[in-house]
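Shown next: work.cif, given as mmCIF, C-alpha atoms.
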```cif
data_work
#
loop_
_atom_site.label_atom_id
_atom_site.label_comp_id
_atom_site.auth_asym_id
_atom_site.auth_seq_id
_atom_site.Cartn_x
_atom_site.Cartn_y
_atom_site.Cartn_z
CA MET R 1132 -14.60 10.26 4.78
CA PRO R 1133 -13.67 6.84 3.34
CA VAL R 1134 -10.98 8.47 1.15
CA GLN R 1135 -8.89 11.33 2.50
CA VAL R 1136 -6.08 13.06 0.62
CA THR R 1137 -3.10 14.81 2.22
CA THR R 1138 -0.44 16.96 0.59
CA HIS R 1139 3.10 16.48 1.92
CA THR R 1140 5.78 19.09 1.19
CA SER R 1141 9.52 18.47 1.31
CA THR R 1142 11.59 20.40 3.84
CA ASP R 1143 13.02 22.62 1.10
CA GLY R 1144 9.54 23.24 -0.32
CA ALA R 1145 10.60 22.03 -3.75
CA GLN R 1146 8.52 18.86 -3.97
CA THR R 1147 5.08 17.64 -2.99
CA ILE R 1148 3.69 14.13 -2.61
CA LEU R 1149 0.01 13.26 -2.32
CA SER R 1150 -1.14 10.46 -0.02
CA TYR R 1151 -4.57 8.85 -0.08
CA GLU R 1152 -6.02 7.13 2.97
CA LEU R 1153 -8.73 4.57 2.15
CA THR R 1154 -10.79 3.18 5.04
CA ASN R 1155 -13.48 0.50 5.05
CA ASP R 1156 -16.94 1.13 6.51
CA SER R 1157 -16.17 -0.47 9.88
CA GLY R 1158 -12.79 1.20 10.30
CA THR R 1159 -11.07 -2.17 10.71
CA LEU R 1160 -8.94 -1.91 7.57
CA SER R 1161 -7.21 1.09 6.01
CA ALA R 1162 -4.68 1.55 3.24
CA ARG R 1163 -2.42 4.48 2.41
CA VAL R 1164 -1.16 5.01 -1.14
CA ILE R 1165 1.10 7.79 -2.40
CA ASP R 1166 1.40 9.20 -5.90
CA TYR R 1167 5.16 8.55 -6.00
CA GLY R 1168 5.52 5.07 -7.45
CA ALA R 1169 1.78 4.44 -6.89
CA THR R 1170 3.17 3.04 -3.65
CA LEU R 1171 1.25 1.29 -0.87
CA THR R 1172 2.92 2.60 2.29
CA HIS R 1173 0.52 1.40 5.01
CA LEU R 1174 -2.09 -1.33 5.43
CA VAL R 1175 -3.51 -1.21 8.96
CA ALA R 1176 -5.70 -4.08 10.16
CA THR R 1177 -7.58 -4.32 13.45
CA THR R 1178 -7.40 -7.85 14.83
CA ARG R 1179 -10.20 -9.67 16.62
CA ALA R 1180 -8.36 -8.85 19.84
CA GLY R 1181 -8.71 -5.14 19.02
CA ASP R 1182 -5.04 -4.56 18.16
CA LYS R 1183 -4.13 -2.34 15.22
CA ARG R 1184 -1.31 -3.80 13.17
CA ASP R 1185 0.37 -2.15 10.21
CA ILE R 1186 1.07 -5.21 8.09
CA VAL R 1187 3.20 -3.80 5.26
CA LEU R 1188 6.81 -2.65 5.41
CA GLY R 1189 7.48 0.94 4.46
CA PHE R 1190 7.92 4.44 5.81
CA ASP R 1191 5.79 7.07 7.53
CA ASP R 1192 7.45 9.94 5.68
CA PRO R 1193 6.67 9.64 1.95
CA PHE R 1194 9.93 11.40 1.13
CA ASP R 1195 11.77 8.47 2.72
CA VAL R 1196 10.23 6.33 -0.03
CA VAL R 1197 11.96 8.59 -2.56
CA LYS R 1198 15.31 8.65 -0.73
CA VAL R 1199 15.57 4.95 0.06
CA GLY R 1200 14.20 3.87 -3.30
CA GLN R 1201 16.90 5.78 -5.13
CA LYS R 1202 19.66 4.21 -3.02
CA GLN R 1203 18.74 0.67 -2.01
CA ASN R 1204 15.75 -0.25 -4.15
CA PRO R 1205 13.70 -2.49 -1.83
CA TYR R 1206 10.57 -1.56 -3.87
CA PHE R 1207 8.49 -1.41 -0.65
CA GLY R 1208 4.87 -1.37 -1.80
CA SER R 1209 5.71 -0.05 -5.27
CA LEU R 1210 3.89 -0.47 -8.55
CA VAL R 1211 6.54 -2.09 -10.75
CA GLY R 1212 6.84 -1.72 -14.54
CA ARG R 1213 7.12 -1.62 -17.49
CA SER R 1214 8.22 -5.17 -16.86
CA CYS R 1215 8.56 -6.60 -13.38
CA ASN R 1216 11.05 -9.21 -12.25
CA ARG R 1217 14.10 -10.14 -14.35
CA THR R 1218 14.70 -9.93 -18.08
CA ALA R 1219 17.71 -12.01 -19.08
CA HIS R 1220 20.74 -9.92 -20.09
CA GLY R 1221 18.44 -6.91 -20.41
CA LYS R 1222 17.59 -7.90 -23.96
CA PHE R 1223 14.56 -9.00 -25.96
CA THR R 1224 13.55 -9.13 -29.61
CA LEU R 1225 10.25 -7.70 -30.79
CA ASN R 1226 9.16 -5.92 -34.00
CA ALA R 1227 12.14 -7.62 -35.72
CA THR R 1228 14.36 -5.45 -33.48
CA GLU R 1229 16.59 -6.30 -30.53
CA TYR R 1230 15.90 -3.96 -27.62
CA THR R 1231 18.30 -3.32 -24.74
CA LEU R 1232 17.17 -2.45 -21.21
CA PRO R 1233 19.34 -1.05 -18.40
CA VAL R 1234 21.07 -3.89 -16.53
CA ASN R 1235 20.64 -3.36 -12.78
CA ASN R 1236 20.65 -6.85 -11.21
CA GLY R 1237 23.79 -8.80 -12.04
CA PRO R 1238 23.53 -9.53 -15.78
CA ASN R 1239 19.78 -8.87 -15.84
CA ALA R 1240 17.32 -5.99 -16.07
CA LEU R 1241 15.14 -5.88 -12.95
CA HIS R 1242 11.75 -4.26 -12.32
CA GLY R 1243 11.55 -1.97 -15.32
CA GLY R 1244 14.95 -0.32 -15.28
CA ILE R 1245 16.99 2.27 -13.44
CA VAL R 1246 14.04 4.67 -13.39
CA GLY R 1247 11.09 2.30 -13.45
CA PHE R 1248 7.46 3.07 -12.66
CA ASP R 1249 8.29 2.84 -8.94
CA LYS R 1250 10.35 6.04 -9.27
CA ARG R 1251 7.79 8.17 -11.11
CA PHE R 1252 5.17 10.61 -9.97
CA TRP R 1253 1.78 9.37 -11.12
CA SER R 1254 -1.30 11.50 -11.78
CA SER R 1255 -3.90 10.59 -9.16
CA ARG R 1256 -7.55 11.17 -8.32
CA ILE R 1257 -10.38 9.93 -6.13
CA VAL R 1258 -12.76 7.77 -8.17
CA SER R 1259 -15.39 7.16 -5.49
CA GLN R 1260 -16.00 7.39 -1.76
CA SER R 1261 -18.23 4.30 -1.70
CA PRO R 1262 -16.46 2.02 -2.16
CA PRO R 1263 -13.21 3.87 -1.40
CA ARG R 1264 -11.36 3.91 -4.72
CA ILE R 1265 -8.52 5.88 -6.27
CA ALA R 1266 -6.93 5.81 -9.72
CA LEU R 1267 -3.34 6.57 -10.68
CA THR R 1268 -2.19 7.07 -14.26
CA LEU R 1269 1.21 7.25 -15.92
CA THR R 1270 2.46 7.72 -19.48
CA SER R 1271 5.71 5.99 -20.40
CA LEU R 1272 7.10 7.46 -23.61
CA ASP R 1273 8.52 5.53 -26.54
CA GLY R 1274 12.10 4.56 -25.69
CA ASP R 1275 11.61 5.00 -21.94
CA GLN R 1276 14.19 2.68 -20.30
CA GLY R 1277 14.60 1.04 -23.73
CA TYR R 1278 11.00 -0.10 -24.28
CA PRO R 1279 9.23 0.50 -27.60
CA GLY R 1280 6.00 2.47 -27.95
CA THR R 1281 4.29 5.06 -25.77
CA LEU R 1282 2.34 3.25 -23.05
CA HIS R 1283 -0.56 4.60 -20.97
CA VAL R 1284 -1.03 2.87 -17.62
CA THR R 1285 -3.90 3.04 -15.12
CA VAL R 1286 -3.91 1.40 -11.70
CA GLU R 1287 -6.91 1.48 -9.36
CA TYR R 1288 -6.90 0.71 -5.64
CA THR R 1289 -10.25 -0.20 -4.07
CA LEU R 1290 -10.81 -1.05 -0.42
CA THR R 1291 -13.77 -3.17 0.72
CA ALA R 1292 -14.67 -4.76 4.04
CA THR R 1293 -11.78 -7.23 3.79
CA ASP R 1294 -10.04 -6.65 0.45
CA LEU R 1295 -7.41 -4.44 -1.08
CA ASP R 1296 -8.36 -4.85 -4.73
CA ILE R 1297 -5.86 -3.66 -7.35
CA THR R 1298 -6.59 -3.49 -11.07
CA TYR R 1299 -4.00 -2.78 -13.73
CA ALA R 1300 -4.51 -1.72 -17.37
CA ALA R 1301 -1.95 -0.68 -19.98
CA ALA R 1302 -2.41 0.27 -23.63
CA LEU R 1303 -0.27 1.72 -26.36
CA ASP R 1304 -0.90 5.25 -27.57
CA ALA R 1305 -3.57 5.69 -30.23
CA ASP R 1306 -0.90 6.98 -32.64
CA THR R 1307 1.18 3.79 -32.36
CA PRO R 1308 2.15 2.51 -35.82
CA ALA R 1309 0.25 -0.56 -36.96
CA GLY R 1310 2.18 -3.73 -36.21
CA LEU R 1311 4.33 -2.28 -33.43
CA ARG R 1312 4.21 -4.26 -30.19
CA THR R 1313 5.63 -3.64 -26.73
CA TYR R 1314 6.61 -5.57 -23.62
CA VAL R 1315 4.55 -5.05 -20.45
CA ASN R 1316 4.27 -7.04 -17.23
CA LEU R 1317 3.15 -5.06 -14.16
CA THR R 1318 3.01 -6.09 -10.54
CA SER R 1319 2.62 -4.77 -6.99
CA HIS R 1320 5.48 -5.22 -4.54
CA PRO R 1321 4.21 -4.91 -0.94
CA TYR R 1322 6.16 -6.71 1.78
CA PHE R 1323 3.74 -8.22 4.30
CA ASN R 1324 4.24 -9.05 7.95
CA LEU R 1325 0.95 -10.21 9.46
CA ASP R 1326 2.26 -9.73 12.99
CA GLY R 1327 2.94 -6.06 12.24
CA CYS R 1328 5.86 -4.45 10.48
CA HIS R 1329 7.70 -3.93 13.77
CA VAL R 1330 8.14 -7.71 14.26
CA PRO R 1331 11.66 -8.75 13.12
CA THR R 1332 10.84 -11.69 10.83
CA VAL R 1333 8.05 -13.65 9.16
CA HIS R 1334 9.68 -16.98 10.03
CA ASP R 1335 6.56 -18.26 11.78
CA THR R 1336 4.07 -17.14 9.13
CA GLN R 1337 2.25 -20.14 7.68
CA ILE R 1338 2.14 -20.33 3.86
CA ALA R 1339 -0.10 -22.52 1.71
CA MET R 1340 -0.64 -22.37 -2.05
CA PRO R 1341 -3.91 -24.15 -2.83
CA GLY R 1342 -4.20 -22.73 -6.36
CA VAL R 1343 -0.65 -23.46 -7.51
CA ALA R 1344 0.74 -26.34 -9.58
CA GLY R 1345 4.46 -25.79 -8.94
CA HIS R 1346 7.33 -23.38 -9.45
CA LEU R 1347 9.63 -22.41 -12.30
CA ALA R 1348 13.17 -23.76 -12.00
CA LEU R 1349 15.88 -21.08 -12.12
CA ASP R 1350 19.38 -20.82 -13.52
CA ASN R 1351 22.21 -19.33 -11.48
CA HIS R 1352 21.11 -15.80 -12.38
CA GLN R 1353 17.49 -16.38 -11.32
CA ILE R 1354 16.15 -16.65 -14.86
CA PRO R 1355 13.55 -19.42 -15.39
CA THR R 1356 14.99 -22.33 -17.35
CA GLY R 1357 11.64 -23.23 -18.86
CA GLU R 1358 11.07 -26.20 -16.56
CA MET R 1359 7.95 -26.17 -14.36
CA VAL R 1360 8.63 -28.25 -11.24
CA PRO R 1361 5.40 -29.68 -9.77
CA PHE R 1362 4.73 -29.67 -6.05
CA SER R 1363 4.91 -33.47 -6.13
CA SER R 1364 8.60 -33.46 -7.17
CA PRO R 1365 10.55 -35.50 -4.58
CA THR R 1366 13.70 -33.43 -5.18
CA HIS R 1367 12.12 -30.01 -4.60
CA THR R 1368 10.19 -30.52 -1.37
CA ALA R 1369 11.14 -27.04 -0.11
CA HIS R 1370 8.76 -25.67 -2.75
CA ASP R 1371 5.85 -27.94 -1.82
CA PHE R 1372 3.17 -25.69 -0.31
CA ARG R 1373 0.20 -28.00 -0.78
CA ALA R 1374 -0.08 -28.03 3.02
CA ALA R 1375 0.58 -24.94 5.13
CA LYS R 1376 4.04 -24.65 6.65
CA PRO R 1377 6.08 -21.86 8.25
CA VAL R 1378 8.27 -19.68 6.05
CA SER R 1379 11.28 -20.90 8.03
CA ALA R 1380 10.56 -24.62 7.62
CA ASP R 1381 12.67 -25.08 4.49
CA LEU R 1382 14.64 -21.83 4.20
CA HIS R 1383 17.83 -23.86 4.65
CA ALA R 1384 17.07 -25.64 1.37
CA VAL R 1385 16.71 -22.48 -0.75
CA GLN R 1386 19.85 -20.63 0.29
CA GLN R 1387 21.24 -20.34 -3.25
CA PHE R 1388 19.27 -17.08 -3.34
CA ARG R 1389 19.23 -16.61 0.47
CA GLY R 1390 15.59 -17.73 0.65
CA TYR R 1391 12.50 -17.90 -1.50
CA ASP R 1392 12.59 -15.73 -4.62
CA HIS R 1393 10.72 -17.96 -7.06
CA TYR R 1394 7.76 -17.82 -9.41
CA TYR R 1395 4.80 -20.11 -8.70
CA ILE R 1396 2.45 -21.10 -11.55
CA ARG R 1397 -1.31 -21.26 -11.03
CA ALA R 1398 -2.92 -24.68 -11.39
CA SER R 1399 -5.61 -23.36 -13.75
CA ALA R 1400 -3.10 -22.05 -16.27
CA ALA R 1401 -5.59 -21.74 -19.11
CA ASP R 1402 -8.20 -19.95 -16.98
CA PRO R 1403 -7.63 -16.19 -16.62
CA SER R 1404 -10.46 -15.66 -14.11
CA LEU R 1405 -9.89 -14.46 -10.55
CA ALA R 1406 -8.64 -17.40 -8.48
CA LEU R 1407 -7.25 -18.06 -5.02
CA LEU R 1408 -3.57 -18.93 -5.35
CA ALA R 1409 -2.05 -18.55 -1.89
CA VAL R 1410 -2.86 -18.04 1.79
CA ALA R 1411 -0.61 -16.73 4.57
CA GLU R 1412 -1.57 -16.83 8.24
CA SER R 1413 -0.16 -15.63 11.54
CA LYS R 1414 -1.00 -17.71 14.58
CA THR R 1415 0.12 -14.78 16.76
CA SER R 1416 -2.06 -11.98 15.42
CA GLY R 1417 -4.80 -14.18 14.02
CA LEU R 1418 -4.61 -12.29 10.72
CA SER R 1419 -4.49 -14.02 7.35
CA LEU R 1420 -3.76 -12.86 3.82
CA SER R 1421 -5.21 -14.52 0.73
CA LEU R 1422 -3.95 -13.71 -2.75
CA LEU R 1423 -6.56 -13.91 -5.47
CA THR R 1424 -5.50 -12.92 -8.97
CA THR R 1425 -6.13 -13.22 -12.68
CA ALA R 1426 -2.38 -13.51 -13.27
CA ALA R 1427 -0.65 -16.69 -14.43
CA GLY R 1428 1.14 -16.88 -11.09
CA PHE R 1429 3.16 -14.85 -8.62
CA GLN R 1430 6.67 -14.30 -7.33
CA PHE R 1431 7.09 -15.41 -3.71
CA TYR R 1432 9.94 -13.48 -2.09
CA THR R 1433 10.95 -13.57 1.56
CA GLY R 1434 12.92 -10.32 1.87
CA ASN R 1435 16.22 -12.17 1.61
CA TRP R 1436 18.34 -9.14 0.77
CA LEU R 1437 17.07 -6.72 3.42
CA ASP R 1438 20.06 -6.04 5.66
CA GLY R 1439 18.73 -4.09 8.63
CA GLY R 1440 20.18 -0.85 7.34
CA ILE R 1441 16.80 0.69 6.56
CA GLY R 1442 14.76 2.32 9.30
CA GLY R 1443 11.08 1.57 9.60
CA LYS R 1444 8.02 3.43 10.82
CA ALA R 1445 8.22 5.70 13.83
CA THR R 1446 4.59 4.89 14.63
CA GLN R 1447 5.53 1.25 15.26
CA PRO R 1448 6.99 0.21 18.63
CA GLY R 1449 10.54 -0.98 19.03
CA GLY R 1450 12.51 1.29 16.69
CA THR R 1451 11.76 -0.85 13.68
CA THR R 1452 14.43 -1.64 11.11
CA TYR R 1453 13.98 -4.08 8.27
CA GLY R 1454 16.38 -7.02 8.20
CA ALA R 1455 16.37 -10.27 6.27
CA TYR R 1456 12.97 -12.01 6.24
CA ALA R 1457 11.21 -9.00 7.77
CA GLY R 1458 8.44 -9.42 5.22
CA PHE R 1459 7.24 -11.61 2.40
CA CYS R 1460 5.99 -10.61 -1.05
CA MET R 1461 3.42 -12.22 -3.30
CA GLU R 1462 3.82 -10.38 -6.60
CA PRO R 1463 1.19 -11.37 -9.18
CA SER R 1464 2.35 -11.21 -12.80
CA ALA R 1465 3.10 -13.18 -15.91
CA PRO R 1466 6.23 -15.36 -15.67
CA PRO R 1467 9.63 -13.63 -15.38
CA ASN R 1468 11.54 -13.20 -18.63
CA GLY R 1469 8.36 -14.26 -20.42
CA ILE R 1470 9.27 -12.04 -23.36
CA ASN R 1471 12.15 -14.43 -24.12
CA ASN R 1472 10.11 -17.63 -23.73
CA PRO R 1473 7.73 -18.50 -26.60
CA ALA R 1474 5.43 -20.28 -24.14
CA TYR R 1475 4.76 -17.02 -22.27
CA ALA R 1476 5.52 -14.19 -24.69
CA SER R 1477 1.84 -13.66 -25.56
CA LEU R 1478 1.17 -12.87 -21.88
CA VAL R 1479 3.56 -9.91 -21.87
CA THR R 1480 3.15 -8.28 -25.28
CA ILE R 1481 0.47 -6.00 -26.70
CA GLY R 1482 -0.02 -4.11 -29.93
CA ALA R 1483 -2.02 -1.05 -30.91
CA GLY R 1484 -5.67 -1.33 -29.88
CA GLU R 1485 -4.95 -4.06 -27.29
CA THR R 1486 -5.02 -3.75 -23.50
CA TRP R 1487 -2.83 -5.58 -21.01
CA SER R 1488 -4.86 -6.10 -17.85
CA GLN R 1489 -4.58 -7.84 -14.51
CA ARG R 1490 -6.32 -7.91 -11.16
CA ALA R 1491 -4.95 -8.75 -7.72
CA VAL R 1492 -6.95 -8.99 -4.51
CA TYR R 1493 -5.18 -9.10 -1.15
CA ARG R 1494 -7.90 -10.36 1.22
CA ILE R 1495 -7.38 -9.89 4.95
CA GLY R 1496 -8.94 -12.41 7.35
CA GLY R 1497 -9.20 -12.26 11.13
CA LEU R 1498 -10.38 -8.65 11.31
CA LEU R 1499 -12.38 -7.38 14.25
CA ASP R 1500 -16.12 -8.02 13.71
CA SER R 1501 -15.43 -10.30 10.76
#
```
Written as structure tokens, how would this file's structure read?
Amino acid sequence: MPVQVTTHTSTDGAQTILSYELTNDSGTLSARVIDYGATLTHLVATTRAGDKRDIVLGFDDPFDVVKVGQKQNPYFGSLVGRSCNRTAHGKFTLNATEYTLPVNNGPNALHGGIVGFDKRFWSSRIVSQSPPRIALTLTSLDGDQGYPGTLHVTVEYTLTATDLDITYAAALDADTPAGLRTYVNLTSHPYFNLDGCHVPTVHDTQIAMPGVAGHLALDNHQIPTGEMVPFSSPTHTAHDFRAAKPVSADLHAVQQFRGYDHYYIRASAADPSLALLAVAESKTSGLSLSLLTTAAGFQFYTGNWLDGGIGGKATQPGGTTYGAYAGFCMEPSAPPNGINNPAYASLVTIGAGETWSQRAVYRIGGLLDS
């Protein structure tokens, strides 16, 4: 069947995790998602040469997602919320009230808090077998990790011939007092390696950003300063992805944060329709990844802080461990710390009766028979 569900039980029998395997009609692309963190653990692509490559970092045992996530927080494949990326000093003002979030990344709040959406069990169900589609839902109560209002979140994963299509929707509870608003900015956090997750680095992966205008400049704590630096800037050539170049080409120039960990703004900023923002390609496997999204941009991260201390997937050859630059992320979202920037605050706040929504399509090229 295009969608198969498996129940996994912990060794002590105290906990269960559900995994969903979605497979396209030709069998050349499959995705595995678990109900813990709404996490994408596997994305297996069959190349034109007939090789099967698992192109996302993660773990075979879903309970390893729980264990590693609680300790080292790589967010492999997780659904991140209530607010992804960094919120300066873990503070924001809304509803004439200053709210405080848990600080877990230097002076900042990162990826929703100590117990963000990546560390929750989501309710899950199969929506359809054709196309393969599942839905995961979560309720975040008023005050959860410091955020105001009870929020209901739904994420759907759909697999087509070439696409992993993710839709996000979040709305406040029907009983929310009139006038109360909340802060929401969801993303997906898969780490991709188009050569297969057993290959040590993505140094040779080619990156181009045809739908991007530039990146947001950062302060020393990785909070956007408010300046958008265009690709044409002669002093920021490391961030110029108008033409494809390897990940490693300019890593030496972005070592303040050990590599790329920056937000790139879409060129069509006023147009919320689905648009192609970035393309990654492996000359070795022949696989490519295109990011299409309705979001205002995406965070490009090159796995700078992975240290090799985390084991990989037993099904991959070579005793995989994940070191620095083992994968890259393209995390679609509104701009980081948008809640504290008047130019972006409307993108990350909703009130009663409003819905925050977003769509991200990860399109795989170079598949067998494509």
When you count all atoms listed in the file, which of these residues is closest to Ala1400 in chain R: R:Phe1459, R:Tyr1475, R:Tyr1432, R:Tyr1288?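 Counting all atoms listed in the file, the residue closest to Ala1400 in chain R is R:Tyr1475.
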Name every residue that the PyMOL selection byres ((chain R and resi 1256-1262) around 10) selects in this structure, writing the answer as an mmCIF file with C-alpha atoms, in the coordinates of the input with chains first and numbers rising.
```cif
data_model
loop_
_atom_site.group_PDB
_atom_site.id
_atom_site.type_symbol
_atom_site.label_atom_id
_atom_site.label_comp_id
_atom_site.auth_asym_id
_atom_site.auth_seq_id
_atom_site.Cartn_x
_atom_site.Cartn_y
_atom_site.Cartn_z
ATOM 1 C CA MET R 1132 -14.600 10.260 4.780
ATOM 2 C CA PRO R 1133 -13.670 6.840 3.340
ATOM 3 C CA VAL R 1134 -10.980 8.470 1.150
ATOM 4 C CA GLN R 1135 -8.890 11.330 2.500
ATOM 5 C CA VAL R 1136 -6.080 13.060 0.620
ATOM 6 C CA LEU R 1149 0.010 13.260 -2.320
ATOM 7 C CA TYR R 1151 -4.570 8.850 -0.080
ATOM 8 C CA LEU R 1153 -8.730 4.570 2.150
ATOM 9 C CA THR R 1154 -10.790 3.180 5.040
ATOM 10 C CA ASN R 1155 -13.480 0.500 5.050
ATOM 11 C CA ASP R 1156 -16.940 1.130 6.510
ATOM 12 C CA ASP R 1166 1.400 9.200 -5.900
ATOM 13 C CA TRP R 1253 1.780 9.370 -11.120
ATOM 14 C CA SER R 1254 -1.300 11.500 -11.780
ATOM 15 C CA SER R 1255 -3.900 10.590 -9.160
ATOM 16 C CA PRO R 1263 -13.210 3.870 -1.400
ATOM 17 C CA ARG R 1264 -11.360 3.910 -4.720
ATOM 18 C CA ILE R 1265 -8.520 5.880 -6.270
ATOM 19 C CA ALA R 1266 -6.930 5.810 -9.720
ATOM 20 C CA LEU R 1267 -3.340 6.570 -10.680
ATOM 21 C CA THR R 1268 -2.190 7.070 -14.260
ATOM 22 C CA GLU R 1287 -6.910 1.480 -9.360
ATOM 23 C CA TYR R 1288 -6.900 0.710 -5.640
ATOM 24 C CA THR R 1289 -10.250 -0.200 -4.070
ATOM 25 C CA LEU R 1290 -10.810 -1.050 -0.420
ATOM 26 C CA THR R 1291 -13.770 -3.170 0.720
ATOM 27 C CA ALA R 1292 -14.670 -4.760 4.040
#
```
If the PyMOL selection byres ((chain R and resi 1184) around 9) is run on the structure shown, which residues does it catch, given as a count of residues only? 15
What is the CA of Gln1337 in chain R to CA of Leu1188 in chain R distance in Å? 18.2 Å
Just checking: using all atoms listed in the file, which residue out of R:Thr1140, R:Thr1433, R:Thr1425, R:Ser1464 ends up closest to Leu1382 in chain R?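 Ranking R:Thr1140, R:Thr1433, R:Thr1425, R:Ser1464 by distance to Leu1382 in chain R, first place goes to R:Thr1433.
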Go through R:Arg1373, R:Arg1494, R:His1329, R:Arg1389 one by one, measure the shortest atom-to-atom distance of each to Thr1452 in chain R using all atoms listed in the file, and give the residue with the smallest value.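 Closest to Thr1452 in chain R, using all atoms listed in the file: R:His1329.
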Exactly which residues make up the result of the PyMOL selection byres ((chain R and resi 1194-1201) around 10) on this file, given as a PyMOL selection string? chain R and resi 1139-1142+1146-1148+1165+1167-1168+1170+1172+1189-1193+1202-1209+1245-1246+1249-1251+1441-1443
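Closest approach to Ile1470 in chain R among R:His1367, R:Arg1163, R:Arg1312, R:Arg1179: R:Arg1312, based on only C-alpha atoms.
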